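protein-v7.txt (compact mmCIF, C-alpha atoms)
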# COMPACT_ATOMS: atom_id res chain seq x y z
CA MET L 1436 67.48 -19.13 5.14
CA THR L 1437 68.01 -21.72 2.37
CA ASN L 1438 67.04 -25.29 3.16
CA PRO L 1439 70.10 -27.56 2.63
CA ASN L 1440 67.84 -30.27 1.25
CA ASP L 1441 66.62 -27.91 -1.46
CA ALA L 1442 70.19 -27.08 -2.45
CA ALA L 1443 71.14 -30.76 -2.58
CA LEU L 1444 68.03 -31.57 -4.60
CA GLU L 1445 68.75 -28.82 -7.12
CA ALA L 1446 72.36 -29.96 -7.49
CA LEU L 1447 71.31 -33.57 -8.06
CA ARG L 1448 68.57 -32.57 -10.49
CA ASN L 1449 71.11 -30.60 -12.55
CA ALA L 1450 73.65 -33.45 -12.47
CA VAL L 1451 71.04 -36.01 -13.60
CA ALA L 1452 69.84 -33.69 -16.38
CA LEU L 1453 73.44 -33.29 -17.64
CA THR L 1454 74.29 -37.03 -17.42
CA PRO L 1455 71.05 -39.02 -17.88
CA GLU L 1456 73.08 -42.16 -18.54
CA ASN L 1457 74.44 -42.12 -14.96
CA THR L 1458 72.15 -44.50 -13.06
CA GLU L 1459 73.94 -43.98 -9.73
CA LEU L 1460 73.22 -40.27 -9.78
CA ALA L 1461 69.58 -40.93 -10.70
CA ASN L 1462 69.26 -43.37 -7.82
CA GLN L 1463 70.75 -40.86 -5.36
CA LEU L 1464 68.21 -38.29 -6.47
CA ILE L 1465 65.39 -40.83 -6.16
CA LYS L 1466 66.47 -41.87 -2.65
CA LEU L 1467 66.62 -38.25 -1.49
CA LEU L 1468 63.16 -37.56 -2.91
CA VAL L 1469 61.82 -40.66 -1.13
CA GLU L 1470 63.37 -39.54 2.17
CA LEU L 1471 61.60 -36.20 1.72
CA LEU L 1472 58.32 -38.05 0.99
CA ARG L 1473 58.15 -36.54 -2.50
CA TYR L 1474 56.87 -39.75 -4.03
CA ASP L 1475 55.34 -38.27 -7.18
CA GLU L 1476 58.57 -36.58 -8.22
CA ALA L 1477 60.56 -39.67 -7.24
CA GLU L 1478 58.33 -41.81 -9.46
CA GLN L 1479 58.70 -39.42 -12.40
CA THR L 1480 62.49 -39.39 -11.95
CA ALA L 1481 62.64 -43.19 -11.83
CA ARG L 1482 60.50 -43.53 -14.95
CA ARG L 1483 62.66 -41.06 -16.88
CA ALA L 1484 65.80 -42.93 -15.84
CA LEU L 1485 64.26 -46.26 -16.88
CA GLN L 1486 63.62 -44.87 -20.35
CA HIS L 1487 67.42 -44.67 -20.72
CA HIS L 1488 68.11 -47.92 -18.84
CA PRO L 1489 64.99 -50.14 -19.05
CA ARG L 1490 66.81 -53.24 -17.74
CA SER L 1491 68.48 -51.58 -14.75
CA ILE L 1492 67.62 -53.68 -11.69
CA PRO L 1493 68.55 -50.92 -9.17
CA LEU L 1494 66.25 -48.47 -10.94
CA GLN L 1495 63.41 -50.98 -11.12
CA LEU L 1496 63.86 -51.71 -7.41
CA SER L 1497 63.85 -48.00 -6.66
CA LEU L 1498 60.54 -47.62 -8.48
CA ALA L 1499 59.15 -50.63 -6.59
CA GLU L 1500 60.31 -49.04 -3.31
CA ILE L 1501 58.50 -45.82 -4.21
CA TYR L 1502 55.30 -47.73 -4.92
CA PHE L 1503 55.69 -49.71 -1.68
CA ARG L 1504 56.08 -46.58 0.42
CA ALA L 1505 53.18 -44.91 -1.37
CA GLY L 1506 50.95 -47.90 -0.63
CA LYS L 1507 50.66 -48.96 -4.30
CA ASP L 1508 51.44 -52.61 -3.58
CA SER L 1509 49.98 -54.00 -6.81
CA HIS L 1510 52.27 -51.68 -8.81
CA ALA L 1511 55.29 -52.76 -6.77
CA LEU L 1512 54.41 -56.45 -7.16
CA ALA L 1513 54.18 -56.08 -10.94
CA ILE L 1514 57.85 -55.05 -11.00
CA VAL L 1515 59.19 -57.31 -8.27
CA GLU L 1516 57.48 -60.50 -9.45
CA THR L 1517 59.29 -60.10 -12.78
CA LEU L 1518 62.66 -59.64 -11.05
CA VAL L 1519 62.28 -62.75 -8.86
CA SER L 1520 60.99 -65.06 -11.59
CA GLY L 1521 64.33 -65.75 -13.32
CA LYS L 1522 66.86 -68.51 -12.63
CA ASN L 1523 69.10 -66.22 -10.56
CA PRO L 1524 66.80 -63.67 -8.90
CA ASP L 1525 68.34 -60.64 -7.27
CA PRO L 1526 68.33 -61.10 -3.44
CA ARG L 1527 67.31 -57.44 -2.98
CA ALA L 1528 64.25 -58.03 -5.15
CA MET L 1529 63.44 -61.13 -3.10
CA ILE L 1530 63.56 -59.07 0.11
CA MET L 1531 61.18 -56.53 -1.42
CA HIS L 1532 58.96 -59.43 -2.53
CA ALA L 1533 58.95 -60.74 1.05
CA ARG L 1534 57.95 -57.30 2.37
CA LEU L 1535 55.08 -57.09 -0.09
CA LEU L 1536 53.89 -60.61 0.71
CA GLN L 1537 54.05 -59.88 4.44
CA ARG L 1538 51.97 -56.75 4.05
CA GLY L 1539 49.50 -58.70 1.93
CA GLY L 1540 49.07 -61.34 4.65
CA ASP L 1541 50.98 -64.19 2.96
CA ILE L 1542 53.36 -64.80 5.86
CA ARG L 1543 54.43 -68.29 4.76
CA GLY L 1544 55.28 -67.04 1.27
CA ALA L 1545 57.12 -64.04 2.72
CA VAL L 1546 59.21 -66.26 4.99
CA SER L 1547 60.11 -68.53 2.07
CA SER L 1548 61.16 -65.59 -0.11
CA TYR L 1549 63.10 -63.97 2.74
CA ARG L 1550 65.01 -67.13 3.64
CA GLU L 1551 65.98 -67.80 0.04
CA ALA L 1552 67.20 -64.20 -0.32
CA VAL L 1553 69.39 -64.45 2.78
CA ASP L 1554 70.71 -67.84 1.63
CA ARG L 1555 71.87 -66.19 -1.58
CA ASP L 1556 73.34 -63.10 0.10
CA ASP L 1557 73.39 -62.75 3.89
CA GLU L 1558 74.12 -59.03 3.55
CA VAL L 1559 70.48 -58.36 2.59
CA ALA L 1560 69.24 -59.62 5.98
CA ASP L 1561 66.62 -57.29 7.46
CA PRO L 1562 66.15 -57.63 11.26
CA GLU L 1563 63.00 -55.51 11.20
CA LEU L 1564 61.40 -57.76 8.59
CA GLU L 1565 62.54 -60.85 10.51
CA SER L 1566 60.72 -59.52 13.57
CA LEU L 1567 57.53 -58.92 11.55
CA LEU L 1568 57.72 -62.44 10.14
CA GLY L 1569 58.62 -64.11 13.44
CA ILE L 1570 61.47 -65.90 11.67
CA ARG L 1571 63.06 -67.23 14.85
CA ASP L 1572 59.83 -68.95 15.90
CA PHE L 1573 58.91 -70.24 12.47
CA SER L 1574 59.32 -73.96 11.84
CA GLU L 1575 62.18 -74.78 9.48
CA HIS L 1576 59.98 -77.27 7.68
CA ASP L 1577 56.81 -76.61 5.75
CA PRO L 1578 54.37 -79.37 6.70
CA SER L 1579 52.64 -79.06 3.35
CA ASP L 1580 55.89 -80.26 1.68
CA GLN L 1581 55.68 -83.63 3.45
CA PRO L 1582 54.24 -86.67 1.69
CA ALA L 1583 50.60 -87.31 2.46
CA PRO L 1584 49.67 -90.39 4.46
CA ALA L 1585 49.02 -93.48 2.36
CA ALA L 1586 45.30 -93.26 3.16
CA TRP L 1587 45.22 -89.78 1.62
CA GLN L 1588 46.92 -90.92 -1.54
CA ASP L 1589 44.39 -93.66 -2.11
CA GLU L 1590 41.30 -91.70 -1.07
CA GLY L 1591 38.81 -91.00 -3.82
CA LEU L 1592 40.94 -92.33 -6.67
CA ASP L 1593 38.18 -94.62 -7.89
CA GLU L 1594 35.86 -91.69 -8.58
CA GLU L 1595 36.15 -89.87 -11.90
CA ILE L 1596 35.08 -86.29 -12.32
CA GLU L 1597 32.75 -85.26 -15.13
CA ILE L 1598 31.15 -81.92 -15.87
CA THR L 1599 28.16 -80.98 -17.99
CA ALA L 1600 28.93 -80.38 -21.66
CA GLU L 1601 26.44 -77.86 -23.04
CA ARG L 1602 25.76 -76.94 -26.67
CA PRO L 1603 25.44 -73.13 -26.90
CA GLU L 1604 22.86 -71.87 -29.38
CA GLN L 1605 24.22 -68.32 -29.75
CA GLY L 1606 27.35 -67.50 -31.72
CA PHE L 1607 29.30 -64.32 -32.35
CA GLU L 1608 26.11 -62.37 -33.05
CA SER L 1609 25.60 -62.33 -29.27
CA VAL L 1610 29.00 -60.66 -28.74
CA GLY L 1611 28.93 -56.88 -29.09
CA GLY L 1612 31.94 -55.36 -30.84
CA MET L 1613 35.32 -57.13 -30.42
CA GLU L 1614 35.66 -57.60 -34.19
CA THR L 1615 39.45 -57.95 -34.06
CA VAL L 1616 39.27 -60.55 -31.32
CA LYS L 1617 36.54 -62.50 -33.13
CA GLU L 1618 38.54 -62.52 -36.37
CA GLU L 1619 41.59 -63.97 -34.59
CA ILE L 1620 39.42 -66.75 -33.15
CA ARG L 1621 37.97 -67.42 -36.61
CA VAL L 1622 41.46 -67.84 -38.10
CA LYS L 1623 42.72 -70.09 -35.29
CA ILE L 1624 39.62 -72.19 -34.50
CA ILE L 1625 36.59 -71.65 -36.72
CA TYR L 1626 38.06 -71.77 -40.23
CA PRO L 1627 39.96 -75.04 -39.61
CA LEU L 1628 36.68 -76.68 -38.56
CA GLN L 1629 34.67 -75.22 -41.42
CA HIS L 1630 37.32 -76.14 -44.01
CA ALA L 1631 38.65 -79.37 -42.50
CA ASP L 1632 39.45 -81.02 -45.87
CA MET L 1633 41.52 -78.06 -47.02
CA TYR L 1634 43.49 -77.99 -43.77
CA ALA L 1635 44.01 -81.76 -43.94
CA ALA L 1636 45.42 -81.42 -47.46
CA TYR L 1637 48.12 -79.17 -46.03
CA GLY L 1638 48.71 -81.50 -43.09
CA LYS L 1639 47.30 -78.99 -40.63
CA LYS L 1640 45.56 -80.51 -37.61
CA ILE L 1641 42.33 -79.12 -36.20
CA GLY L 1642 42.93 -78.07 -32.62
CA GLY L 1643 45.28 -75.94 -30.59
CA GLY L 1644 44.58 -73.25 -28.08
CA ILE L 1645 43.92 -69.58 -27.50
CA LEU L 1646 44.64 -67.63 -24.33
CA LEU L 1647 42.29 -64.71 -23.72
CA TYR L 1648 43.54 -62.10 -21.28
CA GLY L 1649 42.39 -58.71 -20.11
CA PRO L 1650 40.56 -56.91 -17.30
CA PRO L 1651 37.90 -58.85 -15.38
CA GLY L 1652 34.29 -58.53 -16.47
CA CYS L 1653 35.02 -57.88 -20.15
CA GLY L 1654 33.37 -60.96 -21.62
CA LYS L 1655 36.14 -63.54 -21.96
CA THR L 1656 33.89 -66.39 -20.78
CA HIS L 1657 30.97 -65.24 -22.95
CA LEU L 1658 33.32 -65.04 -25.94
CA ALA L 1659 34.51 -68.61 -25.38
CA ARG L 1660 30.91 -69.87 -25.13
CA ALA L 1661 29.98 -67.96 -28.30
CA THR L 1662 32.93 -69.60 -30.09
CA ALA L 1663 31.42 -73.02 -29.36
CA GLY L 1664 28.05 -71.78 -30.59
CA GLU L 1665 29.63 -70.44 -33.78
CA VAL L 1666 31.00 -73.89 -34.74
CA ARG L 1667 28.09 -75.84 -33.21
CA ALA L 1668 30.45 -77.62 -30.85
CA LYS L 1669 29.94 -78.73 -27.28
CA PHE L 1670 31.21 -76.42 -24.59
CA MET L 1671 32.87 -77.49 -21.35
CA SER L 1672 33.67 -74.73 -18.87
CA VAL L 1673 36.30 -75.81 -16.34
CA GLY L 1674 36.86 -73.88 -13.12
CA ILE L 1675 39.66 -74.37 -10.63
CA ASN L 1676 37.29 -76.19 -8.25
CA ASP L 1677 36.68 -78.82 -10.94
CA VAL L 1678 40.37 -79.70 -10.94
CA LEU L 1679 42.08 -78.91 -7.65
CA ASP L 1680 41.87 -81.58 -4.98
CA MET L 1681 43.48 -81.82 -1.55
CA TRP L 1682 44.60 -85.42 -2.11
CA ILE L 1683 47.98 -85.96 -3.73
CA GLY L 1684 47.65 -86.98 -7.38
CA ASN L 1685 43.93 -86.35 -7.62
CA SER L 1686 44.23 -82.93 -9.28
CA GLU L 1687 46.22 -84.46 -12.13
CA LYS L 1688 43.71 -87.29 -12.36
CA ASN L 1689 40.80 -84.81 -12.52
CA LEU L 1690 42.50 -82.84 -15.29
CA HIS L 1691 43.12 -85.99 -17.34
CA ALA L 1692 39.48 -87.05 -16.92
CA LEU L 1693 38.24 -83.66 -18.17
CA PHE L 1694 40.43 -83.82 -21.27
CA ASP L 1695 39.23 -87.36 -21.90
CA GLN L 1696 35.61 -86.22 -21.66
CA ALA L 1697 36.33 -83.43 -24.17
CA ARG L 1698 37.96 -85.92 -26.57
CA ARG L 1699 34.87 -88.13 -26.39
CA SER L 1700 32.65 -85.09 -27.07
CA LYS L 1701 34.51 -83.60 -30.05
CA PRO L 1702 34.18 -81.20 -31.66
CA CYS L 1703 34.38 -79.61 -28.26
CA VAL L 1704 35.53 -76.27 -26.89
CA LEU L 1705 37.29 -76.91 -23.59
CA PHE L 1706 37.43 -73.64 -21.69
CA PHE L 1707 39.62 -73.04 -18.62
CA ASP L 1708 38.60 -70.02 -16.57
CA GLU L 1709 41.25 -68.43 -14.31
CA VAL L 1710 43.84 -70.70 -15.93
CA ASP L 1711 46.66 -68.96 -14.04
CA ALA L 1712 45.43 -70.75 -10.89
CA LEU L 1713 46.20 -74.07 -12.58
CA GLY L 1714 49.25 -73.04 -14.57
CA ALA L 1715 51.15 -70.55 -12.41
CA SER L 1716 54.81 -70.13 -13.25
CA ARG L 1717 56.79 -73.10 -11.96
CA SER L 1718 59.70 -70.84 -11.06
CA ASP L 1719 57.43 -69.23 -8.44
CA MET L 1720 56.58 -72.55 -6.78
CA LYS L 1721 58.38 -73.94 -3.76
CA ARG L 1722 56.51 -77.25 -3.61
CA SER L 1723 56.42 -80.03 -6.16
CA GLY L 1724 52.63 -80.59 -6.14
CA GLY L 1725 51.91 -77.55 -8.28
CA ARG L 1726 54.70 -78.41 -10.70
CA GLN L 1727 53.28 -81.90 -11.22
CA LEU L 1728 49.86 -80.45 -12.06
CA ILE L 1729 51.41 -78.07 -14.61
CA ASN L 1730 53.39 -80.91 -16.18
CA GLN L 1731 50.17 -82.91 -16.45
CA PHE L 1732 48.39 -79.92 -18.02
CA LEU L 1733 51.16 -79.49 -20.61
CA SER L 1734 51.10 -83.21 -21.38
CA GLU L 1735 47.33 -83.10 -21.97
CA LEU L 1736 47.64 -80.06 -24.25
CA ASP L 1737 50.33 -81.84 -26.26
CA GLY L 1738 48.15 -84.94 -26.62
CA VAL L 1739 51.01 -87.17 -25.47
CA GLU L 1740 48.76 -90.13 -24.60
CA ALA L 1741 45.71 -89.27 -26.74
CA ASP L 1742 44.77 -87.41 -29.91
CA ASN L 1743 43.46 -83.88 -29.37
CA GLU L 1744 42.16 -83.54 -32.92
CA GLY L 1745 38.85 -81.64 -32.71
CA VAL L 1746 39.42 -80.46 -29.12
CA LEU L 1747 39.65 -76.68 -29.11
CA CYS L 1748 41.22 -75.28 -25.96
CA LEU L 1749 40.45 -71.77 -24.81
CA ALA L 1750 41.62 -70.26 -21.56
CA ALA L 1751 41.03 -66.96 -19.81
CA THR L 1752 43.13 -65.09 -17.29
CA ASN L 1753 43.28 -61.64 -15.76
CA THR L 1754 47.00 -62.08 -14.97
CA PRO L 1755 48.85 -63.62 -17.96
CA TRP L 1756 52.19 -62.64 -16.41
CA HIS L 1757 51.63 -65.33 -13.75
CA LEU L 1758 51.14 -68.10 -16.31
CA ASP L 1759 54.05 -70.47 -16.95
CA SER L 1760 55.71 -69.50 -20.25
CA ALA L 1761 55.65 -73.14 -21.39
CA PHE L 1762 51.89 -72.80 -21.99
CA ARG L 1763 52.56 -70.38 -24.86
CA ARG L 1764 54.64 -72.76 -26.96
CA PRO L 1765 53.34 -73.94 -30.38
CA GLY L 1766 50.47 -76.42 -30.13
CA ARG L 1767 49.41 -75.15 -26.71
CA PHE L 1768 48.01 -71.67 -26.00
CA ASP L 1769 50.15 -70.30 -28.80
CA ARG L 1770 47.75 -67.50 -29.76
CA VAL L 1771 47.49 -64.89 -27.00
CA ILE L 1772 44.62 -62.40 -27.49
CA PHE L 1773 43.98 -59.23 -25.53
CA VAL L 1774 40.29 -58.71 -24.69
CA PRO L 1775 39.91 -54.99 -23.94
CA PRO L 1776 36.99 -53.22 -22.30
CA PRO L 1777 34.06 -52.90 -24.73
CA ASP L 1778 34.19 -50.09 -27.27
CA PRO L 1779 31.28 -47.58 -27.58
CA GLN L 1780 29.34 -49.82 -29.99
CA ALA L 1781 29.78 -52.84 -27.74
CA ARG L 1782 28.81 -50.82 -24.65
CA GLN L 1783 25.60 -49.73 -26.36
CA GLU L 1784 24.78 -53.32 -27.35
CA ILE L 1785 25.48 -54.55 -23.80
CA LEU L 1786 23.18 -51.90 -22.36
CA ASP L 1787 20.46 -52.81 -24.88
CA ILE L 1788 20.75 -56.47 -23.87
CA GLN L 1789 20.67 -55.65 -20.15
CA LEU L 1790 17.59 -53.42 -20.56
CA ALA L 1791 15.68 -55.86 -22.76
CA GLY L 1792 12.36 -56.87 -21.17
CA LYS L 1793 12.55 -54.16 -18.51
CA PRO L 1794 10.20 -51.12 -18.31
CA THR L 1795 11.98 -48.27 -20.12
CA ASP L 1796 10.98 -45.05 -21.82
CA SER L 1797 13.06 -43.86 -24.80
CA VAL L 1798 16.40 -44.69 -23.19
CA ASP L 1799 19.33 -43.29 -25.20
CA THR L 1800 21.85 -46.08 -24.72
CA ARG L 1801 24.20 -44.45 -27.22
CA LYS L 1802 24.51 -41.42 -24.94
CA ILE L 1803 25.21 -43.62 -21.92
CA ALA L 1804 27.75 -45.66 -23.91
CA ALA L 1805 29.58 -42.44 -24.84
CA LYS L 1806 29.90 -41.50 -21.15
CA THR L 1807 31.15 -44.89 -19.90
CA GLY L 1808 34.61 -45.26 -21.37
CA ASP L 1809 36.77 -47.98 -19.71
CA TYR L 1810 33.67 -49.60 -18.19
CA SER L 1811 33.57 -53.40 -18.42
CA GLY L 1812 30.48 -55.38 -19.30
CA ALA L 1813 30.10 -56.21 -15.61
CA ASP L 1814 30.30 -52.50 -14.75
CA LEU L 1815 27.54 -51.72 -17.27
CA LYS L 1816 25.36 -54.43 -15.73
CA ALA L 1817 25.97 -52.83 -12.33
CA ILE L 1818 24.75 -49.48 -13.72
CA VAL L 1819 21.51 -51.05 -14.92
CA ASP L 1820 21.06 -52.89 -11.61
CA ARG L 1821 21.54 -49.66 -9.62
CA ALA L 1822 19.04 -47.79 -11.80
CA ILE L 1823 16.50 -50.59 -11.28
CA GLU L 1824 17.08 -50.59 -7.52
CA ALA L 1825 16.50 -46.82 -7.41
CA LYS L 1826 13.26 -47.18 -9.38
CA LEU L 1827 12.06 -50.00 -7.14
CA HIS L 1828 12.81 -47.95 -4.04
CA GLU L 1829 10.81 -45.07 -5.51
CA ALA L 1830 7.94 -47.37 -6.54
CA VAL L 1831 7.68 -48.88 -3.03
CA LYS L 1832 7.32 -45.39 -1.55
CA THR L 1833 4.79 -44.03 -4.05
CA GLY L 1834 3.03 -47.25 -4.98
CA LEU L 1835 3.41 -46.27 -8.63
CA PRO L 1836 6.06 -48.03 -10.76
CA LYS L 1837 7.71 -45.80 -13.37
CA PRO L 1838 9.85 -46.71 -16.40
CA ILE L 1839 13.63 -46.35 -16.45
CA LEU L 1840 14.80 -43.14 -18.15
CA THR L 1841 18.13 -42.09 -19.61
CA LYS L 1842 18.73 -39.75 -16.65
CA ASP L 1843 18.27 -42.68 -14.23
CA LEU L 1844 21.05 -44.62 -15.92
CA MET L 1845 23.29 -41.55 -16.12
CA ALA L 1846 22.80 -40.99 -12.39
CA ALA L 1847 23.63 -44.64 -11.67
CA ALA L 1848 26.75 -44.41 -13.81
CA LYS L 1849 28.12 -41.70 -11.51
CA ASP L 1850 28.00 -44.17 -8.61
CA VAL L 1851 29.82 -46.97 -10.48
CA ARG L 1852 33.53 -46.57 -11.08
CA PRO L 1853 35.12 -48.47 -13.98
CA SER L 1854 36.76 -51.53 -12.45
CA THR L 1855 39.23 -51.89 -15.32
CA ARG L 1856 41.42 -48.97 -14.29
CA GLU L 1857 43.01 -50.78 -11.37
CA TRP L 1858 43.83 -53.71 -13.69
CA PHE L 1859 45.45 -51.38 -16.23
CA SER L 1860 47.57 -49.79 -13.49
CA THR L 1861 49.19 -53.17 -12.86
CA ALA L 1862 49.20 -54.31 -16.49
CA ARG L 1863 50.94 -51.10 -17.54
CA ASN L 1864 54.00 -51.95 -15.46
CA HIS L 1865 54.22 -55.46 -16.90
CA ALA L 1866 53.85 -54.08 -20.44
CA LEU L 1867 56.62 -51.55 -19.82
CA TYR L 1868 59.11 -53.66 -17.89
CA ALA L 1869 58.37 -57.33 -18.66
CA ASN L 1870 57.25 -57.26 -22.28
CA GLU L 1871 59.48 -59.93 -23.78
CA GLY L 1872 58.79 -60.46 -27.45
CA GLY L 1873 56.12 -57.74 -27.46
CA LEU L 1874 53.62 -60.01 -25.71
CA TYR L 1875 51.81 -57.07 -24.10
CA ASP L 1876 52.09 -54.55 -26.94
CA ASP L 1877 48.28 -54.53 -27.20
CA ILE L 1878 48.10 -53.09 -23.68
CA LEU L 1879 50.49 -50.28 -24.64
CA ASP L 1880 48.48 -49.62 -27.80
CA TYR L 1881 45.23 -49.46 -25.82
CA LEU L 1882 46.80 -47.03 -23.33
CA LYS L 1883 48.37 -45.04 -26.21
CA ILE L 1884 51.87 -45.47 -24.78
CA LYS L 1885 54.72 -45.30 -27.27
CA LYS L 1886 56.92 -48.40 -27.31

What does the file become when written as structure tokens?
Amino acid sequence: MTNPNDAALEALRNAVALTPENTELANQLIKLLVELLRYDEAEQTARRALQHHPRSIPLQLSLAEIYFRAGKDSHALAIVETLVSGKNPDPRAMIMHARLLQRGGDIRGAVSSYREAVDRDDEVADPELESLLGIRDFSEHDPSDQPAPAAWQDEGLDEEIEITAERPEQGFESVGGMETVKEEIRVKIIYPLQHADMYAAYGKKIGGGILLYGPPGCGKTHLARATAGEVRAKFMSVGINDVLDMWIGNSEKNLHALFDQARRSKPCVLFFDEVDALGASRSDMKRSGGRQLINQFLSELDGVEADNEGVLCLAATNTPWHLDSAFRRPGRFDRVIFVPPPDPQARQEILDIQLAGKPTDSVDTRKIAAKTGDYSGADLKAIVDRAIEAKLHEAVKTGLPKPILTKDLMAAAKDVRPSTREWFSTARNHALYANEGGLYDDILDYLKIKK
């Protein structure tokens, strides 16, 4: 006996194949596939439909729903965060955002997103989600939105933060591979310093910023430090803990103090690690504190109250799509550079560096490099660490230490999975569906995806 679902599926498949421009038919087919738990086919159908209609919000939401049901929350967030970031976000996307936040444990954020969605369109109300969020028992007011007591505002304002400014000795020779990335940094930062008179003749100031983005563990921080070493400049590495402060106004004050220190130390490379934590998109923020910090950051980059000549700003992020777009305007982080996982040559050099000074016997790092595609520098370090641990364990048992061999590293590599693949899964969705101005074309090129 024929299954009626199979007949309906076949009819819808044929209709969609005959009229690929019909998004409603595609969505009906997707919904039926989801109901039947055929998530892989549903995803393929949604992707094919999006090739014809890349800006279709219903299709994007359908793909996000598939990912949500399949437990691929990071994939779903990549789509939904783009849909809710505009001036007039779709209420349905906001509900999906709330569901994802709830499942991720951010109840307060989920409630905020849910309430705003229902305020825009009460027809999207979801009683089941309300129950999960405890909406009826949740306070209408967010205590963190209230002004801090006067004692808080005054606390600690007389103290000024200062961090150690080092002078790196190693330049680009310590960075394996990445020739394209290094050349872009030379053009933007190094050449203006080395040929200051020529740039001055053309009225070009020395300064500006570069945003480095890519998977974690691929050497963005090391590259920034090597840039300072290349131009014999001081290097200041700023983490979020150096800036963020619980007292109102102190975060902005800390940021201003750090820029002032860099200006006094010029030429200086001022490096912001995890810059998205300081400069998250203002459209995503519900409270004014974060917006004020971003405005202060932008003001410092522009040199509104002081001259930034000779201050070279570099920043690194694993999630550039969360960074406020204002940071990419001319004079700020206007050069955005993709830092991919190391290529085979770079992987071999990283392994050579990691094995230097350790007991080895004719290790063929080129062979290991060839077998570790997509591995980050941190992943390669983990391989070496595992091989050493195995050798130590063996030496403790036998009382006889033995050198590390190629086979030891190959065995360790099987136990270490490349951490970059999860990042590329999320980045791929942003590159496909939120790639305004070709900002993420380098990701598509790396993944060999046709634009």

### Message
Give me, as a count of residues only, all polymer residues having an atom no more than 8 Å from Gly1674 of chain L, counting only C-alpha atoms and skipping those fewer than 6 positions away in the same chain.
### Response
3

### Task
Starting from the point (67.8, -56.8, -6.4), work out which residues of protein, DNA or RNA have an atom no more than 9 Å away when counting all atoms listed in the file; state them as a ChimeraX atom specification.
/L:1492-1493,1495-1496,1515,1518-1519,1524-1531

### Query
Of the residues L:Ala1866, L:Val1673, L:Val1546, L:Leu1628, which is the one nearest to His1510 of chain L, using all atoms listed in the file?
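Nearest candidate to His1510 of chain L out of L:Ala1866, L:Val1673, L:Val1546, L:Leu1628: L:Ala1866.
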
### Query
Within 7 Å of segment 1606-1618 of chain L, counting all atoms listed in the file, which residues qualify if same-chain residues fewer than 5 places away don't, as a ChimeraX atom specification?
/L:1658,1661-1662,1664-1665,1772,1774,1777-1778,1780-1781,1784-1785

### Summary
Between atom CA of Pro1489 of chain L and atom CA of Val1771 of chain L lies a distance of 24.2 Å

Could you give me, as a PDB file with C-alpha atoms, in the frame of the given file, the residues within 10 Å of Pro1651 of chain L, counting only C-alpha atoms and dropping anything in the same chain fewer than 5 positions from it?
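Below you can see result-v1.pdb, which holds the result:
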ATOM      1  CA  ALA L1751      41.030 -66.960 -19.810  1.00  0.00           C
ATOM      2  CA  THR L1752      43.130 -65.090 -17.290  1.00  0.00           C
ATOM      3  CA  ASN L1753      43.280 -61.640 -15.760  1.00  0.00           C
ATOM      4  CA  THR L1754      47.000 -62.080 -14.970  1.00  0.00           C
ATOM      5  CA  VAL L1774      40.290 -58.710 -24.690  1.00  0.00           C
ATOM      6  CA  PRO L1775      39.910 -54.990 -23.940  1.00  0.00           C
ATOM      7  CA  PRO L1776      36.990 -53.220 -22.300  1.00  0.00           C
ATOM      8  CA  SER L1811      33.570 -53.400 -18.420  1.00  0.00           C
ATOM      9  CA  GLY L1812      30.480 -55.380 -19.300  1.00  0.00           C
ATOM     10  CA  ALA L1813      30.100 -56.210 -15.610  1.00  0.00           C
ATOM     11  CA  ASP L1814      30.300 -52.500 -14.750  1.00  0.00           C
ATOM     12  CA  SER L1854      36.760 -51.530 -12.450  1.00  0.00           C
ATOM     13  CA  THR L1855      39.230 -51.890 -15.320  1.00  0.00           C
ATOM     14  CA  TRP L1858      43.830 -53.710 -13.690  1.00  0.00           C
TER      15      TRP L1858
END

### Query
Which is closest to Arg1473 of chain L among L:Ala1505, L:Val1553, L:Ile1803, L:Leu1736, if we use all atoms listed in the file?
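Among the listed residues, the smallest separation from Arg1473 of chain L belongs to L:Ala1505.
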
### Task
Using all atoms listed in the file, pick whichever of L:Phe1706, L:Tyr1549, L:Phe1773, L:Tyr1810 has the shortest atom-to-atom distance to Leu1564 of chain L.
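Among the listed residues, L:Tyr1549 lies closest to Leu1564 of chain L.
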
### Task
Go ahead and compute the interatomic distance for atom CA of Lys1522 of chain L and atom CA of His1488 of chain L, in Å to one decimal.
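Separation of atom CA of Lys1522 of chain L and atom CA of His1488 of chain L: 21.5 Å.
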
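With all atoms listed in the file as the atoms that count, the residue of L:Ser1548, L:Asn1870, L:Thr1861, L:Asn1457 with the shortest distance to Ala1484 of chain L is L:Asn1457.
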
### Query
Hey, which of L:His1532, L:Lys1816, L:Lys1837, L:His1487 ends up closest to Glu1500 of chain L? Count only C-alpha atoms.
L:His1532
